[in-house]
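Have a look at protein_2.txt below; it lists compact mmCIF, C-alpha atoms and all ligand atoms.
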```txt
# COMPACT_ATOMS: atom_id res chain seq x y z
CA MET X 1 179.55 40.29 42.00
CA THR X 2 180.17 44.03 42.18
CA ALA X 3 180.69 45.80 45.48
CA GLU X 4 177.46 47.69 44.95
CA SER X 5 175.24 44.70 44.52
CA THR X 6 176.83 42.99 47.54
CA GLU X 7 176.09 46.05 49.63
CA ALA X 8 172.50 46.12 48.61
CA GLU X 9 171.92 42.47 49.48
CA PRO X 10 169.23 42.41 52.17
CA SER X 11 170.52 40.73 55.33
CA ALA X 12 166.96 39.74 56.18
CA SER X 13 163.56 40.97 55.06
CA PRO X 14 162.80 43.53 57.75
CA SER X 15 159.32 44.90 58.02
CA PRO X 16 159.13 48.61 57.21
CA ILE X 17 159.74 51.00 60.09
CA GLY X 18 159.28 54.75 60.49
CA ARG X 19 162.38 56.58 59.27
CA TYR X 20 162.83 58.36 62.54
CA ASP X 21 161.69 55.44 64.69
CA VAL X 22 164.79 53.45 63.92
CA ASP X 23 167.68 54.03 66.32
CA ARG X 24 171.36 53.57 65.51
CA ASP X 25 171.36 49.92 66.63
CA GLY X 26 168.29 49.22 64.57
CA LEU X 27 169.91 50.86 61.59
CA ALA X 28 173.09 48.84 62.12
CA GLU X 29 170.95 45.70 62.09
CA LEU X 30 169.24 46.82 58.93
CA LEU X 31 172.64 47.40 57.33
CA ALA X 32 174.25 44.25 58.74
CA GLY X 33 177.05 42.98 56.53
CA LEU X 34 177.77 46.39 55.03
CA PRO X 35 180.74 48.57 55.98
CA ARG X 36 180.22 50.39 59.33
CA TYR X 37 180.46 53.81 57.73
CA ARG X 38 177.19 53.17 55.91
CA VAL X 39 175.38 53.49 59.27
CA ASP X 40 176.96 56.90 59.83
CA GLN X 41 176.17 57.97 56.29
CA VAL X 42 172.51 57.06 56.57
CA TRP X 43 172.20 58.60 60.04
CA GLU X 44 173.82 61.79 58.81
CA GLY X 45 171.57 61.75 55.78
CA LEU X 46 168.49 61.50 58.00
CA TYR X 47 169.48 64.05 60.64
CA THR X 48 172.09 66.42 59.20
CA HIS X 49 170.73 66.67 55.67
CA ARG X 50 167.16 65.60 56.43
CA HIS X 51 167.16 63.48 53.32
CA GLY X 52 164.97 60.55 52.50
CA PRO X 53 166.86 57.43 51.32
CA ASP X 54 166.20 58.35 47.66
CA GLU X 55 168.11 61.62 48.16
CA MET X 56 171.15 59.99 49.81
CA THR X 57 173.34 60.16 46.77
CA THR X 58 176.43 58.96 48.63
CA LEU X 59 174.81 55.51 48.78
CA PRO X 60 174.71 52.96 45.97
CA LYS X 61 171.42 53.15 44.10
CA ASP X 62 170.16 49.70 45.04
CA LEU X 63 170.86 50.39 48.73
CA ARG X 64 168.89 53.61 48.43
CA GLU X 65 166.03 51.65 46.95
CA ARG X 66 166.14 49.03 49.66
CA LEU X 67 166.22 51.65 52.40
CA GLY X 68 163.37 53.45 50.67
CA ARG X 69 161.29 50.30 51.13
CA SER X 70 162.37 49.68 54.76
CA LEU X 71 162.46 53.21 56.21
CA LEU X 72 159.12 54.77 55.47
CA PRO X 73 158.09 58.34 56.22
CA SER X 74 155.51 58.48 59.03
CA LEU X 75 153.83 61.72 58.01
CA SER X 76 151.88 62.50 54.87
CA PRO X 77 150.61 66.03 54.38
CA ALA X 78 146.84 66.46 54.71
CA ALA X 79 146.80 70.29 54.84
CA ARG X 80 149.24 73.15 55.14
CA SER X 81 148.38 76.76 55.91
CA VAL X 82 150.59 79.81 55.94
CA SER X 83 149.94 83.09 57.75
CA ASP X 84 151.75 86.07 59.29
CA ASP X 85 153.39 86.72 55.89
CA GLY X 86 155.01 83.31 55.85
CA ASP X 87 156.22 83.45 59.46
CA THR X 88 153.70 80.86 60.67
CA VAL X 89 153.22 77.58 58.88
CA LYS X 90 150.79 75.05 60.19
CA TYR X 91 150.69 71.43 59.09
CA LEU X 92 148.08 68.77 59.43
CA TRP X 93 149.63 65.32 58.97
CA THR X 94 148.00 61.99 58.35
CA LEU X 95 149.81 59.10 60.05
CA GLY X 96 150.10 55.54 58.76
CA ASP X 97 146.86 54.43 60.39
CA GLY X 98 144.88 57.49 59.36
CA ALA X 99 145.18 59.40 62.66
CA GLN X 100 145.87 63.10 62.20
CA VAL X 101 148.09 65.50 64.12
CA GLU X 102 149.22 69.09 63.83
CA THR X 103 152.59 70.83 63.85
CA VAL X 104 153.26 74.57 63.78
CA LEU X 105 156.44 76.31 62.62
CA MET X 106 156.90 79.89 63.82
CA HIS X 107 159.65 82.27 62.77
CA TYR X 108 160.39 85.15 65.15
CA ASP X 109 163.11 87.79 64.87
CA ASP X 110 165.38 85.98 67.28
CA ARG X 111 164.32 82.35 67.03
CA THR X 112 162.42 79.72 65.09
CA THR X 113 160.12 77.53 67.12
CA VAL X 114 158.34 74.30 66.26
CA CYS X 115 155.29 73.24 68.22
CA VAL X 116 154.89 69.45 68.07
CA SER X 117 152.11 67.03 68.94
CA SER X 118 152.81 64.10 71.26
CA GLN X 119 149.52 62.22 70.88
CA ALA X 120 146.70 61.94 68.38
CA GLY X 121 143.92 63.40 70.50
CA CYS X 122 144.11 63.68 74.27
CA ALA X 123 142.45 61.91 77.17
CA MET X 124 142.61 64.84 79.62
CA GLY X 125 139.27 66.33 78.64
CA CYS X 126 139.92 70.06 79.14
CA GLY X 127 136.62 71.45 77.88
CA PHE X 128 137.99 74.58 76.17
CA CYS X 129 140.54 72.64 74.10
CA ALA X 130 139.69 71.35 70.62
CA THR X 131 141.97 68.33 71.10
CA GLY X 132 140.37 67.51 74.44
CA GLN X 133 136.91 67.80 72.93
CA ALA X 134 137.77 65.16 70.30
CA GLY X 135 139.08 62.64 72.86
CA PHE X 136 142.06 60.29 72.82
CA GLU X 137 143.10 58.31 69.77
CA ARG X 138 146.61 57.04 70.41
CA HIS X 139 150.15 57.84 71.49
CA LEU X 140 152.66 59.00 68.91
CA SER X 141 155.89 57.08 68.47
CA VAL X 142 159.28 58.73 68.89
CA GLY X 143 159.69 58.82 65.12
CA GLU X 144 156.32 60.45 64.59
CA ILE X 145 157.35 63.21 67.00
CA VAL X 146 160.88 63.68 65.63
CA GLU X 147 159.70 63.68 62.02
CA GLN X 148 157.47 66.69 62.77
CA VAL X 149 160.61 68.66 63.64
CA ILE X 150 162.47 67.31 60.60
CA GLU X 151 159.64 68.39 58.29
CA ALA X 152 159.52 71.81 59.94
CA GLN X 153 163.27 72.15 59.49
CA ARG X 154 162.92 71.21 55.83
CA GLN X 155 160.58 74.18 55.46
CA ALA X 156 162.91 76.34 57.58
CA ASP X 157 165.75 75.36 55.21
CA ARG X 158 163.73 76.87 52.37
CA ASP X 159 163.15 79.99 54.49
CA GLU X 160 166.87 80.11 55.29
CA ARG X 161 166.18 79.70 58.98
CA ARG X 162 167.26 77.17 61.57
CA VAL X 163 164.86 75.62 64.07
CA SER X 164 166.19 76.75 67.45
CA ASN X 165 163.35 75.85 69.83
CA VAL X 166 160.90 72.98 70.15
CA VAL X 167 157.84 73.15 72.39
CA PHE X 168 155.64 70.15 73.16
CA MET X 169 152.50 72.25 72.99
CA GLY X 170 150.66 70.70 70.08
CA MET X 171 148.05 68.00 70.39
CA GLY X 172 148.18 65.61 73.30
CA GLU X 173 149.62 65.41 76.79
CA PRO X 174 153.37 64.67 76.59
CA MET X 175 153.53 63.33 80.16
CA ALA X 176 150.90 60.73 79.30
CA ASN X 177 153.24 59.50 76.54
CA TYR X 178 156.40 59.94 78.53
CA ASP X 179 158.73 57.36 76.99
CA ALA X 180 158.27 58.48 73.39
CA THR X 181 158.36 62.14 74.41
CA TRP X 182 161.62 61.73 76.27
CA ALA X 183 163.21 59.62 73.53
CA ALA X 184 162.26 62.41 71.10
CA VAL X 185 163.83 65.03 73.40
CA GLU X 186 167.07 63.03 73.46
CA ARG X 187 167.07 62.66 69.69
CA LEU X 188 166.40 66.39 69.17
CA HIS X 189 169.24 67.21 71.54
CA GLY X 190 171.74 64.58 70.45
CA ASP X 191 171.10 64.34 66.73
CA LEU X 192 169.55 67.65 65.74
CA GLY X 193 171.76 69.66 68.08
CA LEU X 194 169.02 71.53 69.93
CA SER X 195 170.08 72.70 73.35
CA ALA X 196 168.07 71.52 76.37
CA ARG X 197 167.29 75.09 77.36
CA HIS X 198 165.51 75.52 74.03
CA LEU X 199 163.27 72.51 74.57
CA THR X 200 160.03 72.93 76.52
CA ILE X 201 157.61 70.29 77.69
CA SER X 202 154.14 71.54 78.44
CA THR X 203 151.92 69.55 80.77
CA VAL X 204 148.45 69.91 82.16
CA GLY X 205 150.05 69.02 85.52
CA ILE X 206 150.68 65.27 85.60
CA ILE X 207 152.73 65.07 88.79
CA PRO X 208 154.41 61.67 88.24
CA GLY X 209 155.60 62.97 84.86
CA ILE X 210 157.09 66.11 86.41
CA GLU X 211 158.80 63.99 89.05
CA ARG X 212 160.27 61.73 86.39
CA LEU X 213 161.41 64.72 84.37
CA ALA X 214 163.30 65.93 87.45
CA THR X 215 165.42 62.76 87.36
CA GLU X 216 166.52 63.15 83.73
CA ALA X 217 170.01 64.32 82.85
CA LEU X 218 168.87 66.94 80.34
CA PRO X 219 167.39 70.02 82.01
CA VAL X 220 164.52 71.07 79.74
CA ASN X 221 162.06 73.87 80.43
CA LEU X 222 158.78 72.99 82.08
CA ALA X 223 155.51 74.73 81.21
CA VAL X 224 152.38 73.96 83.19
CA SER X 225 148.95 74.76 81.78
CA LEU X 226 147.43 76.25 84.89
CA HIS X 227 144.38 78.30 83.78
CA ALA X 228 143.04 78.51 87.35
CA ALA X 229 144.77 78.90 90.70
CA ASN X 230 141.98 77.69 92.94
CA ASP X 231 140.94 74.03 93.02
CA GLU X 232 137.25 74.65 92.52
CA LEU X 233 137.66 76.46 89.21
CA ARG X 234 140.58 74.31 88.08
CA ASP X 235 138.61 71.10 88.72
CA GLU X 236 136.12 72.45 86.24
CA LEU X 237 138.48 73.76 83.54
CA VAL X 238 141.16 71.09 83.83
CA PRO X 239 139.54 67.90 85.15
CA ILE X 240 142.87 66.18 85.95
CA ASN X 241 143.18 68.71 88.77
CA ARG X 242 140.90 66.44 90.80
CA ARG X 243 143.69 63.87 90.81
CA TYR X 244 146.61 66.31 91.02
CA PRO X 245 145.36 69.34 92.95
CA LEU X 246 147.13 72.68 93.13
CA ASP X 247 149.05 72.25 96.40
CA ASP X 248 150.58 68.98 95.23
CA LEU X 249 151.29 70.48 91.82
CA ALA X 250 153.09 73.43 93.43
CA ALA X 251 155.26 71.05 95.46
CA SER X 252 156.17 69.14 92.34
CA CYS X 253 156.96 72.31 90.35
CA ASP X 254 159.13 73.52 93.20
CA HIS X 255 160.96 70.22 93.23
CA TYR X 256 161.57 70.44 89.48
CA ARG X 257 162.89 73.95 89.73
CA ALA X 258 165.22 73.06 92.57
CA ALA X 259 166.46 69.94 90.81
CA LYS X 260 167.04 71.49 87.38
CA GLY X 261 167.35 75.23 87.86
CA ARG X 262 165.28 75.63 84.71
CA ARG X 263 162.67 78.14 83.82
CA LEU X 264 159.18 77.26 85.01
CA SER X 265 156.26 78.87 83.29
CA PHE X 266 152.51 78.82 83.65
CA GLU X 267 150.17 79.02 80.70
CA TRP X 268 146.91 80.82 81.31
CA ALA X 269 144.30 80.86 78.52
CA MET X 270 142.26 83.96 79.26
CA ILE X 271 138.57 83.16 79.20
CA ALA X 272 136.20 86.13 79.43
CA GLY X 273 134.39 86.24 82.76
CA VAL X 274 135.76 82.83 83.81
CA ASN X 275 139.39 83.24 84.88
CA ASP X 276 140.13 86.90 84.17
CA ARG X 277 138.65 88.53 87.27
CA ASP X 278 140.69 90.49 89.82
CA ARG X 279 140.57 87.60 92.26
CA ASP X 280 141.94 85.25 89.57
CA ALA X 281 144.90 87.58 89.13
CA GLU X 282 145.42 87.66 92.89
CA GLU X 283 145.33 83.86 93.22
CA LEU X 284 147.58 83.37 90.20
CA GLY X 285 149.94 86.09 91.40
CA ASP X 286 150.40 84.41 94.78
CA TYR X 287 150.80 80.95 93.27
CA ALA X 288 153.30 82.03 90.60
CA TYR X 289 155.32 84.34 92.83
CA ALA X 290 155.89 81.63 95.42
CA LEU X 291 157.36 79.41 92.70
CA GLY X 292 159.31 82.09 90.83
CA ALA X 293 157.33 81.14 87.73
CA HIS X 294 156.89 83.14 84.57
CA VAL X 295 153.28 83.57 83.44
CA ASN X 296 152.18 83.49 79.80
CA LEU X 297 148.76 84.96 79.15
CA ILE X 298 147.10 83.75 75.95
CA PRO X 299 143.66 84.89 74.83
CA LEU X 300 141.37 81.88 74.52
CA ASN X 301 140.66 80.77 70.98
CA PRO X 302 136.97 79.94 70.85
CA THR X 303 136.35 76.35 69.73
CA PRO X 304 133.14 74.71 68.51
CA GLY X 305 132.70 72.78 71.76
CA TYR X 306 133.34 75.78 74.05
CA PRO X 307 131.92 78.90 72.48
CA THR X 308 133.03 81.28 75.26
CA ILE X 309 135.12 84.18 73.98
CA GLY X 310 138.65 85.12 74.89
CA THR X 311 139.33 88.05 77.20
CA PRO X 312 139.45 91.36 75.27
CA PRO X 313 142.92 92.95 74.89
CA GLU X 314 142.23 95.83 77.28
CA ARG X 315 141.33 93.46 80.11
CA ILE X 316 144.34 91.26 79.34
CA ARG X 317 146.55 94.32 79.86
CA GLN X 318 144.85 95.12 83.17
CA PHE X 319 145.24 91.52 84.29
CA ARG X 320 148.91 91.62 83.30
CA ASP X 321 149.39 94.78 85.35
CA LEU X 322 147.74 93.19 88.39
CA LEU X 323 150.28 90.37 88.15
CA ARG X 324 153.17 92.79 87.70
CA ALA X 325 152.05 94.66 90.79
CA ARG X 326 152.53 91.35 92.60
CA ARG X 327 156.06 91.15 91.20
CA VAL X 328 155.28 88.30 88.84
CA ARG X 329 157.03 88.16 85.45
CA VAL X 330 154.39 87.99 82.79
CA THR X 331 154.18 87.95 78.99
CA VAL X 332 151.08 88.45 76.89
CA ARG X 333 151.49 85.94 74.11
CA GLN X 334 150.31 86.68 70.65
CA ASN X 335 148.10 83.95 69.44
CA ARG X 336 150.27 83.06 66.49
CA GLY X 337 148.39 81.97 63.43
CA THR X 338 144.92 82.58 64.83
CA GLU X 339 144.10 83.35 61.25
CA ILE X 340 144.85 79.74 60.38
CA ASP X 341 143.39 78.15 63.50
CA ALA X 342 146.76 77.50 65.06
CA ALA X 343 145.35 76.78 68.48
CA CYS X 344 145.80 73.24 69.54
CA GLY X 345 143.60 70.81 67.63
CA GLN X 346 141.67 73.39 65.68
CA LEU X 347 142.97 72.71 62.20
CA ARG X 348 142.03 69.07 62.51
CA ALA X 349 138.62 69.91 63.94
CA GLU X 350 137.92 72.20 61.01
CA GLN X 351 139.34 69.74 58.50
CA GLN X 352 136.93 67.08 59.63
CA ILE X 353 134.07 69.42 58.97
CA ALA X 354 135.36 71.08 55.82
CA GLY X 355 136.87 68.18 53.90
CA PRO X 356 140.34 67.52 52.60
CA VAL X 357 141.44 70.60 50.66
CA ARG X 358 142.01 73.76 52.58
CA ARG X 359 143.98 76.70 51.40
CA ARG X 360 144.60 80.11 52.79
CA LYS X 361 146.54 83.15 51.79
CA GLY X 362 150.08 82.28 50.81
CA SER X 363 149.72 78.52 51.06
N1 LIG X 401 148.52 68.86 76.96
C1 LIG X 401 149.57 69.78 77.21
C2 LIG X 401 150.26 70.20 75.95
C3 LIG X 401 149.37 70.92 74.95
S1 LIG X 401 149.79 72.55 75.08
C4 LIG X 401 149.05 70.95 77.99
O1 LIG X 401 147.85 71.11 78.10
O2 LIG X 401 149.89 71.67 78.51
C5 LIG X 401 148.52 73.41 74.41
C6 LIG X 401 148.34 74.70 75.17
O3 LIG X 401 147.24 75.40 74.56
C7 LIG X 401 147.93 74.42 76.61
O4 LIG X 401 148.43 75.42 77.46
C8 LIG X 401 146.44 74.51 76.51
O5 LIG X 401 145.84 74.70 77.74
C9 LIG X 401 146.26 75.63 75.54
N2 LIG X 401 144.95 75.65 74.88
C10 LIG X 401 144.15 74.62 74.59
N3 LIG X 401 143.01 75.03 73.99
C11 LIG X 401 143.12 76.36 73.89
C12 LIG X 401 142.26 77.38 73.37
N4 LIG X 401 141.08 77.08 72.82
N5 LIG X 401 142.68 78.66 73.42
C13 LIG X 401 143.88 78.97 73.96
N6 LIG X 401 144.74 78.06 74.48
C14 LIG X 401 144.35 76.77 74.45
FE1 LIG X 402 144.93 67.69 76.49
FE2 LIG X 402 146.40 69.86 76.90
FE3 LIG X 402 144.12 69.98 75.45
FE4 LIG X 402 144.01 69.59 78.10
S1 LIG X 402 144.79 71.41 77.03
S2 LIG X 402 142.84 68.47 76.56
S3 LIG X 402 145.81 68.34 78.44
S4 LIG X 402 145.96 68.88 74.91
```

Represent the structure from my file as structure tokens, please.
Ligand code: SAH
Ligand code: SF4
Amino acid sequence: MTAESTEAEPSASPSPIGRYDVDRDGLAELLAGLPRYRVDQVWEGLYTHRHGPDEMTTLPKDLRERLGRSLLPSLSPAARSVSDDGDTVKYLWTLGDGAQVETVLMHYDDRTTVCVSSQAGCAMGCGFCATGQAGFERHLSVGEIVEQVIEAQRQADRDERRVSNVVFMGMGEPMANYDATWAAVERLHGDLGLSARHLTISTVGIIPGIERLATEALPVNLAVSLHAANDELRDELVPINRRYPLDDLAASCDHYRAAKGRRLSFEWAMIAGVNDRDRDAEELGDYAYALGAHVNLIPLNPTPGYPTIGTPPERIRQFRDLLRARRVRVTVRQNRGTEIDAACGQLRAEQQIAGPVRRRKGS
């Protein structure tokens, strides 16, 4: 028997697993009986070279074939749109069971950011959000999250860029899928080499999740989707506020900041006539200043289920200045890829209406 055919001998008949769901121990099990260095080679192939088994030319052919049958990709492309002259690429993926999620890759002058989904759908029911309007489907696995970054990096490789930042701001509520989210964070840090200060978890304000995050060794950035700084309005816009009201949320944010010394930011989708009045700026200013938080203002993207318009640019600037007058650090965020519906959940929403093939400029 040749060395090659011995190596390719299956140690058992494992059921297929997502390529990025397998951990090192699982891989070692899959490669039981083969030399130890094979584990490192495959791991390096997956993470350093972002190769599928068929591209791992350092492996014997029959081992590649066997791994190709056992380590399946989790994501198949359903749609891909390019905008901002190639600087924003948005993906819609179909998962093994037919669920669909979105990922966005954004190149900036000084960084390349990937926005990943943590769930298919979301149970939090924020009325202005396309994902919330569609409801909850299921949690994503660690591999389904990590593979979104791998695929984005494969595109970035072609663009001669390196993914430097990952934000959990796609579909779903990361804190409601904590274990997989955190395992993905550790994988991105340990195996893709992303630094903790370039990883950001965005939450609608799930306090037990923030508390748990404060106990983790890796200090990641925390973003909280605030959108209102009084309980009456926030109960309406972000229904989970009824369970985790603003005073408790502030205490938890303060605790996180003290424990980790990491940047805390508040997201504020600016909704015309709803949360862009002077008194909203005053309430937000007081709330953010007390916590030393940075505020990101984002014009609302109108969605089919919430046809209110976003605040016009002139009013956004005034609102920003009201916050600055209260000594709050504030950024007006460009809505990257509006042209391709890059707000959370919108590509999928449109896809379900428009059918499977969707192309835009440059795609
Ligand atoms: N569930 C988490 C992570 C998703 S982040 C969270 O809510 O924080 C997605 C961000 O986009 C959140 O800040 C969310 O409030 C915001 N968002 C959702 N729908 C939007 C819309 N139609 N226009 C602008 N921002 C929106
Ligand atoms: Fe879920 Fe976030 Fe959308 Fe709210 S804004 S429904 S928490 S994804």

With only C-alpha atoms and all ligand atoms as the basis for distance, which of X:Gly172, X:Gly26, X:Gly98, X:Pro60 is at the shortest distance from ligand LIG 402 (chain X)? X:Gly172

For ligand LIG 401 (chain X), list the contacting residues at 9 Å or closer, counting all atoms listed in the file, as a ChimeraX atom specification. /X:115-118,122,124,126-132,167-176,201-205,223-227,238,266-271,298-303,306,310,335,343-346

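Using only C-alpha atoms and all ligand atoms for every distance, the candidate list X:Glu144, X:Glu137, X:Asp280, X:Asp248 yields X:Glu137 as the residue closest to ligand LIG 402 (chain X).
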
Env of X:Thr94: 8 Å cut, atoms = all atoms listed in the file, seq-sep filter 5 positions within chain, self excluded. Answer as a PDB file with C-alpha atoms, in the frame of the given file.
```
ATOM      1  CA  LEU X  75     153.830  61.720  58.010  1.00  0.00           C
ATOM      2  CA  SER X  76     151.880  62.500  54.870  1.00  0.00           C
ATOM      3  CA  PRO X  77     150.610  66.030  54.380  1.00  0.00           C
ATOM      4  CA  ALA X  78     146.840  66.460  54.710  1.00  0.00           C
ATOM      5  CA  ALA X  99     145.180  59.400  62.660  1.00  0.00           C
ATOM      6  CA  GLN X 100     145.870  63.100  62.200  1.00  0.00           C
ATOM      7  CA  VAL X 101     148.090  65.500  64.120  1.00  0.00           C
TER       8      VAL X 101
END
```

Can you tell me, as a ChimeraX atom specification, what residues are no more than 10 Å from X:Glu55 when counting all atoms listed in the file, ignoring any on the same chain fewer than 3 positions away? /X:45-46,49-52,58-59,61,64,68

Return the single residue from X:Asn221, X:Thr113, X:Gln133, X:Gln148 that is closest to ligand LIG 402 (chain X), with distances computed using only C-alpha atoms and all ligand atoms. X:Gln133

Within 12 Å of X:Tyr289 using all atoms listed in the file, minus same-chain residues under 4 positions, as a list of chain:residue names: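 Using all atoms listed in the file, the neighbours found are X:Ala250, X:Asp254, X:Leu264, X:Ser265, X:Phe266, X:Ala281, X:Glu282, X:Glu283, X:Leu284, X:Gly285, X:Ala293, X:His294, X:Val295, X:Leu323, X:Arg324, X:Ala325, X:Arg326, X:Arg327, X:Val328, X:Arg329, X:Val330.
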
Could you check the closest approach to X:Val89 for each of X:Glu151, X:Tyr37, X:Glu44, X:Leu67 and tell me which residue wins, using all atoms listed in the file?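 Selected residue with least distance to X:Val89: X:Glu151.
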
A straight line from atom CA of X:Thr103 to atom CA of X:Lys90 spans 5.9 Å

Would you kindly return, as a VMD selection string, each protein, DNA or RNA residue with an atom no farther than 9 Å from any atom of X:His255, considering all atoms listed in the file and excluding same-chain residues fewer than 5 positions away? chain X and resid 210 to 211 214 250 260

Find the residue from X:Ile207, X:Ala180, X:Ala217, X:Val114 that sits nearest to X:Gln153; use all atoms listed in the file when measuring. X:Val114

Under the rule that only C-alpha atoms are counted, which of X:Leu218, X:Val39, X:Leu297, X:Ala288 is the nearest residue to X:Leu249?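 Smallest separation from X:Leu249 among the options: X:Ala288.
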
Need to verify the contact set: X:Leu105, 12 Å, only C-alpha atoms, exclusion of same-chain residues closer than 6 positions in sequence. Can you return it as a PDB file with C-alpha atoms, keeping the file's coordinate frame?
```pdb
ATOM      1  CA  ARG X  80     149.240  73.150  55.140  1.00  0.00           C
ATOM      2  CA  SER X  81     148.380  76.760  55.910  1.00  0.00           C
ATOM      3  CA  VAL X  82     150.590  79.810  55.940  1.00  0.00           C
ATOM      4  CA  SER X  83     149.940  83.090  57.750  1.00  0.00           C
ATOM      5  CA  ASP X  84     151.750  86.070  59.290  1.00  0.00           C
ATOM      6  CA  GLY X  86     155.010  83.310  55.850  1.00  0.00           C
ATOM      7  CA  ASP X  87     156.220  83.450  59.460  1.00  0.00           C
ATOM      8  CA  THR X  88     153.700  80.860  60.670  1.00  0.00           C
ATOM      9  CA  VAL X  89     153.220  77.580  58.880  1.00  0.00           C
ATOM     10  CA  LYS X  90     150.790  75.050  60.190  1.00  0.00           C
ATOM     11  CA  TYR X  91     150.690  71.430  59.090  1.00  0.00           C
ATOM     12  CA  LEU X  92     148.080  68.770  59.430  1.00  0.00           C
ATOM     13  CA  ARG X 111     164.320  82.350  67.030  1.00  0.00           C
ATOM     14  CA  THR X 112     162.420  79.720  65.090  1.00  0.00           C
ATOM     15  CA  THR X 113     160.120  77.530  67.120  1.00  0.00           C
ATOM     16  CA  VAL X 114     158.340  74.300  66.260  1.00  0.00           C
ATOM     17  CA  CYS X 115     155.290  73.240  68.220  1.00  0.00           C
ATOM     18  CA  VAL X 116     154.890  69.450  68.070  1.00  0.00           C
ATOM     19  CA  GLN X 148     157.470  66.690  62.770  1.00  0.00           C
ATOM     20  CA  VAL X 149     160.610  68.660  63.640  1.00  0.00           C
ATOM     21  CA  ILE X 150     162.470  67.310  60.600  1.00  0.00           C
ATOM     22  CA  GLU X 151     159.640  68.390  58.290  1.00  0.00           C
ATOM     23  CA  ALA X 152     159.520  71.810  59.940  1.00  0.00           C
ATOM     24  CA  GLN X 153     163.270  72.150  59.490  1.00  0.00           C
ATOM     25  CA  ARG X 154     162.920  71.210  55.830  1.00  0.00           C
ATOM     26  CA  GLN X 155     160.580  74.180  55.460  1.00  0.00           C
ATOM     27  CA  ALA X 156     162.910  76.340  57.580  1.00  0.00           C
ATOM     28  CA  ASP X 157     165.750  75.360  55.210  1.00  0.00           C
ATOM     29  CA  ASP X 159     163.150  79.990  54.490  1.00  0.00           C
ATOM     30  CA  ARG X 161     166.180  79.700  58.980  1.00  0.00           C
ATOM     31  CA  ARG X 162     167.260  77.170  61.570  1.00  0.00           C
ATOM     32  CA  VAL X 163     164.860  75.620  64.070  1.00  0.00           C
ATOM     33  CA  SER X 164     166.190  76.750  67.450  1.00  0.00           C
ATOM     34  CA  ASN X 165     163.350  75.850  69.830  1.00  0.00           C
ATOM     35  CA  VAL X 166     160.900  72.980  70.150  1.00  0.00           C
ATOM     36  CA  VAL X 167     157.840  73.150  72.390  1.00  0.00           C
ATOM     37  CA  MET X 169     152.500  72.250  72.990  1.00  0.00           C
ATOM     38  CA  GLY X 170     150.660  70.700  70.080  1.00  0.00           C
ATOM     39  CA  ARG X 336     150.270  83.060  66.490  1.00  0.00           C
ATOM     40  CA  GLY X 337     148.390  81.970  63.430  1.00  0.00           C
ATOM     41  CA  ALA X 342     146.760  77.500  65.060  1.00  0.00           C
TER      42      ALA X 342
END
```

Just give me the residues with any atom within 12 Å of (165.5, 62.0, 73.8), file coordinates, counting only C-alpha atoms, written as a ChimeraX atom specification. /X:21,23,142-143,145-146,178-196,199,213,216-220

Could you please determine the separation between atom FE3 of ligand LIG 402 (chain X) and atom CA of X:Gly125 in Å, to one decimal place?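 The value is 6.9 Å.
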
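Separating atom CA of X:Tyr20 from atom CA of X:Ser74 is a distance of 8.1 Å.
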